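> Following this line is my_file.pdb, made up of PDB, C-alpha atoms, pLDDT in the B column:
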ATOM      1  CA  MET A   1      -6.428   3.253  14.631  1.00 91.00           C
ATOM      2  CA  PHE A   2      -5.452   0.832  11.841  1.00 95.00           C
ATOM      3  CA  LYS A   3      -1.874   0.890  10.572  1.00 97.00           C
ATOM      4  CA  LEU A   4      -0.469  -1.504   7.976  1.00 98.00           C
ATOM      5  CA  HIS A   5       2.423  -3.629   9.240  1.00 98.00           C
ATOM      6  CA  LYS A   6       5.779  -2.331   7.968  1.00 98.00           C
ATOM      7  CA  THR A   7       6.696  -5.638   6.275  1.00 97.00           C
ATOM      8  CA  LEU A   8       3.483  -5.644   4.236  1.00 98.00           C
ATOM      9  CA  GLU A   9       3.971  -1.972   3.438  1.00 97.00           C
ATOM     10  CA  ASN A  10       7.494  -2.649   2.139  1.00 97.00           C
ATOM     11  CA  ASP A  11       6.781  -5.914   0.312  1.00 96.00           C
ATOM     12  CA  CYS A  12       3.503  -4.946  -1.377  1.00 97.00           C
ATOM     13  CA  LEU A  13       1.780  -2.362  -3.509  1.00 96.00           C
ATOM     14  CA  LEU A  14      -1.705  -1.077  -2.716  1.00 96.00           C
ATOM     15  CA  VAL A  15      -4.164  -2.132  -5.421  1.00 96.00           C
ATOM     16  CA  GLY A  16      -7.201  -0.712  -3.632  1.00 96.00           C
ATOM     17  CA  GLU A  17      -9.611  -1.119  -0.751  1.00 96.00           C
ATOM     18  CA  PHE A  18     -12.724  -3.150  -0.176  1.00 97.00           C
ATOM     19  CA  THR A  19     -15.183  -2.280   2.582  1.00 97.00           C
ATOM     20  CA  LEU A  20     -13.146  -4.205   5.163  1.00 98.00           C
ATOM     21  CA  SER A  21      -9.764  -4.951   3.630  1.00 98.00           C
ATOM     22  CA  LEU A  22      -6.845  -3.424   1.841  1.00 98.00           C
ATOM     23  CA  VAL A  23      -5.993  -5.300  -1.350  1.00 98.00           C
ATOM     24  CA  LEU A  24      -2.240  -5.576  -1.773  1.00 98.00           C
ATOM     25  CA  LEU A  25      -0.146  -7.019  -4.588  1.00 98.00           C
ATOM     26  CA  SER A  26       3.090  -8.715  -3.577  1.00 97.00           C
ATOM     27  CA  ARG A  27       6.073  -7.194  -5.345  1.00 96.00           C
ATOM     28  CA  ASP A  28       7.303 -10.741  -6.080  1.00 95.00           C
ATOM     29  CA  ALA A  29       6.663 -11.300  -9.781  1.00 96.00           C
ATOM     30  CA  ASN A  30       7.298 -15.054  -9.484  1.00 95.00           C
ATOM     31  CA  TYR A  31       3.565 -15.531  -8.790  1.00 95.00           C
ATOM     32  CA  PRO A  32       0.351 -13.527  -9.069  1.00 97.00           C
ATOM     33  CA  TRP A  33       0.107 -12.960  -5.300  1.00 97.00           C
ATOM     34  CA  LEU A  34      -2.463 -10.762  -3.603  1.00 98.00           C
ATOM     35  CA  ILE A  35      -3.091 -10.156   0.069  1.00 98.00           C
ATOM     36  CA  LEU A  36      -6.201  -9.000   1.902  1.00 98.00           C
ATOM     37  CA  VAL A  37      -5.568  -7.088   5.125  1.00 98.00           C
ATOM     38  CA  PRO A  38      -8.628  -6.306   7.242  1.00 98.00           C
ATOM     39  CA  LYS A  39      -8.452  -2.687   8.413  1.00 98.00           C
ATOM     40  CA  ARG A  40      -8.778  -3.607  12.071  1.00 98.00           C
ATOM     41  CA  GLN A  41      -6.149  -2.867  14.713  1.00 96.00           C
ATOM     42  CA  ASP A  42      -4.594  -5.605  16.870  1.00 96.00           C
ATOM     43  CA  ILE A  43      -6.253  -8.557  15.101  1.00 97.00           C
ATOM     44  CA  ARG A  44      -4.120 -11.649  14.492  1.00 97.00           C
ATOM     45  CA  GLU A  45      -6.723 -14.324  13.740  1.00 98.00           C
ATOM     46  CA  ILE A  46     -10.004 -14.467  11.822  1.00 98.00           C
ATOM     47  CA  TYR A  47     -11.991 -15.568  14.885  1.00 98.00           C
ATOM     48  CA  GLN A  48     -11.034 -12.279  16.586  1.00 98.00           C
ATOM     49  CA  LEU A  49     -12.998 -10.295  14.027  1.00 98.00           C
ATOM     50  CA  GLU A  50     -16.590  -9.342  14.754  1.00 98.00           C
ATOM     51  CA  LYS A  51     -19.062 -11.731  13.111  1.00 98.00           C
ATOM     52  CA  ALA A  52     -20.019  -9.226  10.399  1.00 98.00           C
ATOM     53  CA  ASP A  53     -16.317  -8.616   9.624  1.00 98.00           C
ATOM     54  CA  ARG A  54     -15.705 -12.374   9.325  1.00 98.00           C
ATOM     55  CA  GLN A  55     -18.512 -12.609   6.794  1.00 98.00           C
ATOM     56  CA  GLN A  56     -17.211  -9.565   4.930  1.00 98.00           C
ATOM     57  CA  LEU A  57     -13.692 -11.015   4.791  1.00 98.00           C
ATOM     58  CA  LEU A  58     -15.025 -14.242   3.289  1.00 98.00           C
ATOM     59  CA  LEU A  59     -16.996 -12.273   0.687  1.00 97.00           C
ATOM     60  CA  GLU A  60     -13.943 -10.183  -0.203  1.00 98.00           C
ATOM     61  CA  SER A  61     -11.772 -13.305  -0.401  1.00 98.00           C
ATOM     62  CA  CYS A  62     -14.261 -14.976  -2.737  1.00 98.00           C
ATOM     63  CA  ASN A  63     -14.475 -11.864  -4.937  1.00 97.00           C
ATOM     64  CA  LEU A  64     -10.692 -11.629  -5.108  1.00 98.00           C
ATOM     65  CA  SER A  65     -10.403 -15.362  -5.802  1.00 98.00           C
ATOM     66  CA  GLU A  66     -12.886 -15.210  -8.673  1.00 97.00           C
ATOM     67  CA  ALA A  67     -11.049 -12.253 -10.182  1.00 97.00           C
ATOM     68  CA  MET A  68      -7.680 -13.996  -9.892  1.00 97.00           C
ATOM     69  CA  MET A  69      -9.001 -17.210 -11.457  1.00 97.00           C
ATOM     70  CA  ALA A  70     -10.461 -15.230 -14.375  1.00 96.00           C
ATOM     71  CA  LEU A  71      -7.394 -13.028 -14.915  1.00 97.00           C
ATOM     72  CA  PHE A  72      -4.591 -15.534 -14.335  1.00 97.00           C
ATOM     73  CA  THR A  73      -6.191 -18.960 -15.029  1.00 98.00           C
ATOM     74  CA  PRO A  74      -3.941 -20.782 -12.551  1.00 98.00           C
ATOM     75  CA  ASP A  75      -3.876 -24.528 -11.962  1.00 98.00           C
ATOM     76  CA  LYS A  76      -4.610 -23.868  -8.268  1.00 98.00           C
ATOM     77  CA  LEU A  77      -5.287 -20.916  -6.003  1.00 98.00           C
ATOM     78  CA  ASN A  78      -3.599 -21.122  -2.584  1.00 97.00           C
ATOM     79  CA  ILE A  79      -5.277 -19.135   0.194  1.00 98.00           C
ATOM     80  CA  ALA A  80      -3.687 -18.893   3.631  1.00 96.00           C
ATOM     81  CA  THR A  81      -3.517 -16.833   6.805  1.00 97.00           C
ATOM     82  CA  LEU A  82      -0.206 -17.799   8.369  1.00 91.00           C
ATOM     83  CA  GLY A  83       1.120 -14.738  10.172  1.00 88.00           C
ATOM     84  CA  ASN A  84       4.186 -16.401  11.652  1.00 90.00           C
ATOM     85  CA  LEU A  85       6.433 -13.448  10.806  1.00 91.00           C
ATOM     86  CA  VAL A  86       3.831 -10.696  10.345  1.00 96.00           C
ATOM     87  CA  PRO A  87       1.395 -10.829  13.265  1.00 96.00           C
ATOM     88  CA  GLN A  88      -1.221  -8.575  11.630  1.00 98.00           C
ATOM     89  CA  LEU A  89      -4.092 -10.607  10.141  1.00 98.00           C
ATOM     90  CA  HIS A  90      -3.589 -10.905   6.392  1.00 98.00           C
ATOM     91  CA  MET A  91      -4.898 -13.431   3.882  1.00 98.00           C
ATOM     92  CA  HIS A  92      -2.618 -14.552   1.046  1.00 98.00           C
ATOM     93  CA  HIS A  93      -4.109 -15.443  -2.347  1.00 98.00           C
ATOM     94  CA  VAL A  94      -1.442 -17.006  -4.571  1.00 98.00           C
ATOM     95  CA  ALA A  95      -2.116 -18.164  -8.125  1.00 98.00           C
ATOM     96  CA  ARG A  96      -0.135 -21.357  -8.668  1.00 97.00           C
ATOM     97  CA  TYR A  97       0.904 -23.172 -11.828  1.00 97.00           C
ATOM     98  CA  ALA A  98       2.409 -26.609 -12.295  1.00 97.00           C
ATOM     99  CA  SER A  99       5.204 -24.741 -14.104  1.00 95.00           C
ATOM    100  CA  ASP A 100       6.012 -22.247 -11.322  1.00 93.00           C
ATOM    101  CA  CYS A 101       9.374 -22.337  -9.540  1.00 90.00           C
ATOM    102  CA  ALA A 102       7.981 -23.772  -6.288  1.00 92.00           C
ATOM    103  CA  TRP A 103       5.340 -26.229  -7.542  1.00 94.00           C
ATOM    104  CA  PRO A 104       4.008 -28.241  -5.785  1.00 92.00           C
ATOM    105  CA  ALA A 105       5.676 -26.994  -2.582  1.00 90.00           C
ATOM    106  CA  PRO A 106       4.725 -23.768  -0.770  1.00 88.00           C
ATOM    107  CA  THR A 107       5.998 -20.527  -2.259  1.00 89.00           C
ATOM    108  CA  TRP A 108       7.659 -19.237   0.920  1.00 81.00           C
ATOM    109  CA  GLY A 109      11.441 -19.405   0.581  1.00 81.00           C
ATOM    110  CA  ALA A 110      11.315 -21.388  -2.661  1.00 84.00           C
ATOM    111  CA  SER A 111      13.170 -18.703  -4.603  1.00 87.00           C
ATOM    112  CA  ALA A 112      14.347 -15.150  -4.245  1.00 88.00           C
ATOM    113  CA  PRO A 113      11.644 -12.568  -4.978  1.00 90.00           C
ATOM    114  CA  THR A 114      11.734 -11.278  -8.539  1.00 93.00           C
ATOM    115  CA  PRO A 115      10.796  -7.613  -8.983  1.00 96.00           C
ATOM    116  CA  TYR A 116       8.130  -6.677 -11.516  1.00 97.00           C
ATOM    117  CA  ASP A 117       8.916  -4.848 -14.698  1.00 97.00           C
ATOM    118  CA  PRO A 118       7.249  -1.440 -14.085  1.00 96.00           C
ATOM    119  CA  GLN A 119       5.005  -1.713 -17.170  1.00 97.00           C
ATOM    120  CA  ILE A 120       3.833  -5.207 -16.225  1.00 96.00           C
ATOM    121  CA  LEU A 121       3.203  -4.061 -12.656  1.00 96.00           C
ATOM    122  CA  SER A 122       1.115  -1.119 -13.855  1.00 95.00           C
ATOM    123  CA  ALA A 123      -0.881  -3.311 -16.256  1.00 96.00           C
ATOM    124  CA  ARG A 124      -1.461  -5.963 -13.576  1.00 96.00           C
ATOM    125  CA  CYS A 125      -2.784  -3.379 -11.106  1.00 95.00           C
ATOM    126  CA  ALA A 126      -5.023  -1.830 -13.771  1.00 95.00           C
ATOM    127  CA  SER A 127      -6.530  -5.188 -14.775  1.00 96.00           C
ATOM    128  CA  LEU A 128      -7.140  -6.127 -11.140  1.00 96.00           C
ATOM    129  CA  ARG A 129      -8.758  -2.792 -10.381  1.00 95.00           C
ATOM    130  CA  GLN A 130     -10.993  -3.031 -13.434  1.00 95.00           C
ATOM    131  CA  ARG A 131     -12.051  -6.571 -12.591  1.00 95.00           C
ATOM    132  CA  LEU A 132     -12.708  -5.786  -8.912  1.00 96.00           C
ATOM    133  CA  LEU A 133     -14.554  -2.511  -9.503  1.00 93.00           C
ATOM    134  CA  SER A 134     -17.901  -4.324  -9.674  1.00 91.00           C
ATOM    135  CA  CYS A 135     -17.133  -5.889  -6.258  1.00 92.00           C
ATOM    136  CA  GLY A 136     -16.845  -2.505  -4.565  1.00 91.00           C
ATOM    137  CA  LEU A 137     -13.097  -1.943  -4.877  1.00 91.00           C
ATOM    138  CA  GLU A 138     -11.986   1.630  -4.400  1.00 92.00           C
ATOM    139  CA  TYR A 139      -8.484   2.575  -5.402  1.00 84.00           C
ATOM    140  CA  PRO A 140      -6.079   5.473  -5.252  1.00 68.00           C
ATOM    141  CA  VAL A 141      -5.599   7.579  -8.359  1.00 58.00           C
ATOM    142  CA  ASP A 142      -2.045   7.091  -9.624  1.00 50.00           C
TER     143      ASP A 142
END
Would you put the structure from the file into structure tokens?

Amino acid sequence: MFKLHKTLENDCLLVGEFTLSLVLLSRDANYPWLILVPKRQDIREIYQLEKADRQQLLLESCNLSEAMMALFTPDKLNIATLGNLVPQLHMHHVARYASDCAWPAPTWGASAPTPYDPQILSARCASLRQRLLSCGLEYPVD
């Protein structure tokens, strides 16, 4: 049975669910930062997914990427599956700007996380949900 890793649960907010993956928003307001987590137990790496799940993850990543590029117009979109501290497979999607606090270095450890203003957080989730609805996103009713 799938269970979200405690670190992701604590550090993120659920935006919704695709067919395969949870869509999470990092609570760090320094960057528009979303994370896909395939709802599969005991998977650490993409190659461990069944072939159909690998294809679905790529589709969901592309849909999320297109939405982020349209909504946030970043200079670059960083996509990574590191998992050094959180062993559960998860795919980061971080919108980067030449003006952000870590540019051009990686975001990890560059600055302390900044919490979202509650109104901005709510608006960000709503815009993401609206944009991803046509891609099959389902989301909890607030």
> Determine the residue membership of the PyMOL selection byres ((chain A and resi 46) around 10) for the file above and supply it as a compact mmCIF listing (two decimals) with C-alpha atoms, in the coordinates of the input.

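The resulting file, selection24.txt, is reproduced below:
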# COMPACT_ATOMS: atom_id res chain seq x y z
CA PRO A 38 -8.63 -6.31 7.24
CA ILE A 43 -6.25 -8.56 15.10
CA ARG A 44 -4.12 -11.65 14.49
CA GLU A 45 -6.72 -14.32 13.74
CA TYR A 47 -11.99 -15.57 14.88
CA GLN A 48 -11.03 -12.28 16.59
CA LEU A 49 -13.00 -10.30 14.03
CA GLU A 50 -16.59 -9.34 14.75
CA LYS A 51 -19.06 -11.73 13.11
CA ASP A 53 -16.32 -8.62 9.62
CA ARG A 54 -15.70 -12.37 9.32
CA LEU A 57 -13.69 -11.02 4.79
CA LEU A 58 -15.02 -14.24 3.29
CA THR A 81 -3.52 -16.83 6.80
CA LEU A 89 -4.09 -10.61 10.14
CA HIS A 90 -3.59 -10.90 6.39
CA MET A 91 -4.90 -13.43 3.88
> With the PyMOL selection byres ((chain A and resi 98-102) around 12) as the selection, what would be picked from this file? Answer as a list in words, please.
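Answer for the PyMOL selection byres ((chain A and resi 98-102) around 12): Ala29, Asn30, Tyr31, Pro32, Thr73, Pro74, Asp75, Lys76, Leu77, Val94, Ala95, Arg96, Tyr97, Trp103, Pro104, Ala105, Pro106, Thr107, Trp108, Gly109, Ala110, Ser111, Ala112, Pro113 and Thr114 of chain A.
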> Applied to the shown file, which residues does the PyMOL selection byres ((chain A and resi 131) around 10) return, written as a list in words?
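Written out, the selection comes to Asn63, Leu64, Glu66, Ala67, Met68, Ala70, Leu71, Cys125, Ala126, Ser127, Leu128, Arg129, Gln130, Leu132, Leu133, Ser134, Cys135 and Leu137 of chain A.
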> Kindly give the distance, in Å, that separates CA of Val37 in chain A and CA of Leu82 in chain A, rounded to a single decimal.
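Between these atoms lies a distance of 12.4 Å.
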> Of the candidates A:Glu9, A:Leu14, A:Arg124, A:Phe2, which shows the shortest atom-to-atom distance to Lys39 in chain A, using all atoms listed in the file?
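Using all atoms listed in the file, Lys39 in chain A sits closest to A:Phe2.
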> Write out as a ChimeraX atom specification which residues come within 8 Å of Val23 in chain A when counting all atoms listed in the file, dropping same-chain ones fewer than 5 positions away.
/A:14-18,34-37
> Mind dumping the selected residues with C-alpha atoms as a PDB file, keeping the file's coordinate frame?

ATOM      1  CA  LEU A  14      -1.705  -1.077  -2.716  1.00 96.00           C
ATOM      2  CA  VAL A  15      -4.164  -2.132  -5.421  1.00 96.00           C
ATOM      3  CA  GLY A  16      -7.201  -0.712  -3.632  1.00 96.00           C
ATOM      4  CA  GLU A  17      -9.611  -1.119  -0.751  1.00 96.00           C
ATOM      5  CA  PHE A  18     -12.724  -3.150  -0.176  1.00 97.00           C
ATOM      6  CA  LEU A  34      -2.463 -10.762  -3.603  1.00 98.00           C
ATOM      7  CA  ILE A  35      -3.091 -10.156   0.069  1.00 98.00           C
ATOM      8  CA  LEU A  36      -6.201  -9.000   1.902  1.00 98.00           C
ATOM      9  CA  VAL A  37      -5.568  -7.088   5.125  1.00 98.00           C
TER      10      VAL A  37
END
> Could you tell me how far CA of Thr19 in chain A sits from CA of Trp33 in chain A, in Å to one decimal place?
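Distance reported for this atom pair: 20.2 Å.
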> Can you measure CA of Ile79 in chain A to CA of Asp117 in chain A for me? One decimal in Å is fine.
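Pair CA of Ile79 in chain A / CA of Asp117 in chain A returns 25.0 Å.
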> For a quick check of understanding, using only C-alpha atoms, which of A:Ala52, A:Met69, A:Cys12, A:Leu24 has the smallest distance to Tyr139 in chain A?
A:Leu24
> Here is a test: counting only C-alpha atoms, which residue of A:Gln41, A:Thr7, A:Ser21, A:Gln119 is nearest to Gly136 in chain A?
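Once distances to Gly136 in chain A are computed over only C-alpha atoms, the minimum belongs to A:Ser21.
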> Please determine, counting all atoms listed in the file, which residue among A:Gln56, A:Pro115, A:Gly83, A:Gln88 has the shortest atom-to-atom distance to Leu25 in chain A.
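Under the stated criterion, the closest residue is A:Pro115.
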> I need the residue nearest His92 in chain A from this list: A:Ser26, A:Asp11, A:His5, A:Pro118. Use all atoms listed in the file for the distance.
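Result for the nearest residue to His92 in chain A: A:Ser26.
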> Please supply range 23-36 of chain A, rebuilt with N, CA and C atoms, as a PDB file, in the frame of the given file.

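Below is the file that was written, out-v3.pdb:
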ATOM      1  N   VAL A  23      -6.388  -4.294  -0.366  1.00 98.00           N
ATOM      2  CA  VAL A  23      -5.993  -5.300  -1.350  1.00 98.00           C
ATOM      3  C   VAL A  23      -4.585  -4.935  -1.791  1.00 98.00           C
ATOM      4  N   LEU A  24      -3.647  -5.814  -1.472  1.00 98.00           N
ATOM      5  CA  LEU A  24      -2.240  -5.576  -1.773  1.00 98.00           C
ATOM      6  C   LEU A  24      -1.742  -6.575  -2.801  1.00 98.00           C
ATOM      7  N   LEU A  25      -0.822  -6.142  -3.634  1.00 98.00           N
ATOM      8  CA  LEU A  25      -0.146  -7.019  -4.588  1.00 98.00           C
ATOM      9  C   LEU A  25       1.288  -7.193  -4.116  1.00 98.00           C
ATOM     10  N   SER A  26       1.699  -8.443  -3.939  1.00 97.00           N
ATOM     11  CA  SER A  26       3.090  -8.715  -3.577  1.00 97.00           C
ATOM     12  C   SER A  26       3.989  -8.249  -4.708  1.00 97.00           C
ATOM     13  N   ARG A  27       5.110  -7.662  -4.338  1.00 96.00           N
ATOM     14  CA  ARG A  27       6.073  -7.194  -5.345  1.00 96.00           C
ATOM     15  C   ARG A  27       6.888  -8.336  -5.952  1.00 96.00           C
ATOM     16  N   ASP A  28       6.616  -9.564  -5.545  1.00 95.00           N
ATOM     17  CA  ASP A  28       7.303 -10.741  -6.080  1.00 95.00           C
ATOM     18  C   ASP A  28       6.606 -11.202  -7.360  1.00 95.00           C
ATOM     19  N   ALA A  29       7.247 -10.972  -8.479  1.00 96.00           N
ATOM     20  CA  ALA A  29       6.663 -11.300  -9.781  1.00 96.00           C
ATOM     21  C   ALA A  29       6.716 -12.792 -10.109  1.00 96.00           C
ATOM     22  N   ASN A  30       7.277 -13.614  -9.226  1.00 95.00           N
ATOM     23  CA  ASN A  30       7.298 -15.054  -9.484  1.00 95.00           C
ATOM     24  C   ASN A  30       5.899 -15.656  -9.544  1.00 95.00           C
ATOM     25  N   TYR A  31       4.936 -15.013  -8.858  1.00 95.00           N
ATOM     26  CA  TYR A  31       3.565 -15.531  -8.790  1.00 95.00           C
ATOM     27  C   TYR A  31       2.594 -14.349  -8.758  1.00 95.00           C
ATOM     28  N   PRO A  32       1.413 -14.493  -9.354  1.00 97.00           N
ATOM     29  CA  PRO A  32       0.351 -13.527  -9.069  1.00 97.00           C
ATOM     30  C   PRO A  32      -0.058 -13.742  -7.606  1.00 97.00           C
ATOM     31  N   TRP A  33       0.229 -12.781  -6.746  1.00 97.00           N
ATOM     32  CA  TRP A  33       0.107 -12.960  -5.300  1.00 97.00           C
ATOM     33  C   TRP A  33      -0.531 -11.716  -4.704  1.00 97.00           C
ATOM     34  N   LEU A  34      -1.750 -11.872  -4.229  1.00 98.00           N
ATOM     35  CA  LEU A  34      -2.463 -10.762  -3.603  1.00 98.00           C
ATOM     36  C   LEU A  34      -2.746 -11.066  -2.145  1.00 98.00           C
ATOM     37  N   ILE A  35      -2.917 -10.019  -1.379  1.00 98.00           N
ATOM     38  CA  ILE A  35      -3.091 -10.156   0.069  1.00 98.00           C
ATOM     39  C   ILE A  35      -4.216  -9.236   0.517  1.00 98.00           C
ATOM     40  N   LEU A  36      -5.156  -9.795   1.256  1.00 98.00           N
ATOM     41  CA  LEU A  36      -6.201  -9.000   1.902  1.00 98.00           C
ATOM     42  C   LEU A  36      -5.771  -8.718   3.336  1.00 98.00           C
TER      43      LEU A  36
END
